[in-house]
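Trainee: Below: one structure in structure tokens.
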Amino acid sequence: MESIESEFLLIILCCTVVLSYLFSIGSRYIRVPSVLLLLLAGMGIRLIAEVYQYELNVPLLVVESLGVVGLIMIVLEAGLDLELKKSRIKLIRESFLSALIILLLSTSLISYILYEYLQQPLLNCIVYAIPLSIISSSIVLPSLHALTEEKKDFLVYEASFSDILGIMLFNYFISPEIFSIKSVGIFSGNLILSILLSGLVSLLLLFIMTRTKLSIKFFLIFSLLVLIYAGGKMLHLPSLIIILAFGLMINNWHLLRTFPWIQRHFPQEQVNSLNQLLHSITAESSFLIRTFFFVLFGFSIDFQTILDNNVMRVGGVIVLALFMVRFLYFRFFLKTNVFPEVFFIPRGLITIVLFYKIPENLRLNNFDEGILFFIILVTGAIMTIGMLFYKKKPSELVEEPAFSERTDIF
């Protein structure tokens, strides 16, 4: 195969960014998630490369590193988007319970499916099931423009909570010991320690950003956040909580008015300008990382593996389980309208990153990666179907009545 020239590679990279912008604009009209379009674009680039016999080898470490950076950006962006108000207590409670219960039920059901299909140790099946049970906020958040504010807020909170809870659950199950009082105590202690550290680290980061005279601020803080994440992982701490707390603190600074010394050293106006800066740069950075990550991941997908009968059968059963768990929870527990929220079951960046993080001793020997590809593509397509049938235009949106009050569902 011919080696690709550096100039041609630069053209591909720049065209990919431009194409991603066009996808983001077009997705508002065709209601197809831009991430799904990026995956398909990556698969298309692979086909073109094979036809013209160009060699484009992307090291797995590059894709994994992009995924980790994207994960940090997603958590930070989630913290910056979550606004804590008394009027939103019910919304936060319902979205948290939705994320937690659906995550646990989905993990249990998928674990059983993998256990019956692969006949592998149950713990290994659970570790594989957790990433498949996490809603991808990197796909959900950019796809909410056509929904009402109430639906949008619920899905933002739910996807953010699903990310955080799923990551914490995954980290617990890949620890050396899980079914012991000692392991539960260590995990709880690390969680409490991370919460305490999050306040101190957040104030330190805020001090650096508000006191530095240089205009270059964001990537200094971003580098510190990556160092905190990597250091926390080495110390087996749930370090993403620190990053989430930093975003939450910046976006909800008004709640700290009861501490005069904090308000004296960090005025509200100063924090507000910092909040706007972080929102802008985080969105831009997330867009860039998401673009290259999903294109590279799409490039790595072998379409033939998805068409395998076993892959389609197992993947189809798992997708059906995810959909039914979500539908039943919305119908009988949340007791609210299920359309189009029930269709928001996409799996994406976090699912892929956590799959890379599965330890060697917990890997399933005969798990076909085509199942992962199949689930990501099909769940994205299901969300697209939900959005396509949600016909109302943004200017015409009116909140629908509760599910129990509707007679047009069935």
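Naming works like this for the structure tokens: A, B, ... for the chains as they're shown, residue 1 at the start of each chain, ligands 1 onward in shown order.
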Could you name the residues that touch Tyr128 (chain A) at 12 Å or less, counting only C-alpha atoms, but leaving out those on the same chain fewer than 5 positions away, as a ChimeraX atom specification?

Mentor: /A:106-115,118,120-123,133-134,166,169-170,173-174,318,351-359,362-365,367-369,371-372

Trainee: Just want the 12 Å neighbourhood of Ser160 (chain A), counted on only C-alpha atoms, with same-chain residues fewer than 2 positions away dropped. Output as a ChimeraX atom specification.

Mentor: /A:71,73-82,92,95-96,98-100,134-141,153-158,162-167,241,244,248,350

Trainee: Tell me, as number ranges by chain, which residues lie within 9 Å of region 381-385 of chain A, counting only C-alpha atoms; anything in the same chain fewer than 6 positions away does not count.

Mentor: A: 31-33, 36, 140, 340-346

Trainee: Skip Val18 (chain A) itself and residues of its chain fewer than 6 positions away, then list as a PyMOL selection string all residues within 12 Å of it, counting only C-alpha atoms.

Mentor: chain A and resi 11-12+24-25+38+287-288+291-292

Trainee: How would the residues just chosen look if you wrote them out with C-alpha atoms as a PDB file, in the first residue's frame?

Mentor:
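Written file, again-v7.pdb:
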```pdb
ATOM      1  CA  ILE A  11      -5.993  18.352   3.627  1.00  0.00           C
ATOM      2  CA  ILE A  12      -7.915  15.386   5.065  1.00  0.00           C
ATOM      3  CA  SER A  24     -23.532  20.136  12.947  1.00  0.00           C
ATOM      4  CA  ILE A  25     -25.489  22.641  10.873  1.00  0.00           C
ATOM      5  CA  LEU A  38     -19.012  11.490  11.667  1.00  0.00           C
ATOM      6  CA  PHE A 287     -16.277  19.808  19.140  1.00  0.00           C
ATOM      7  CA  LEU A 288     -12.730  19.307  17.813  1.00  0.00           C
ATOM      8  CA  THR A 291     -14.829  15.238  15.515  1.00  0.00           C
ATOM      9  CA  PHE A 292     -11.512  13.426  15.270  1.00  0.00           C
TER      10      PHE A 292
END
```
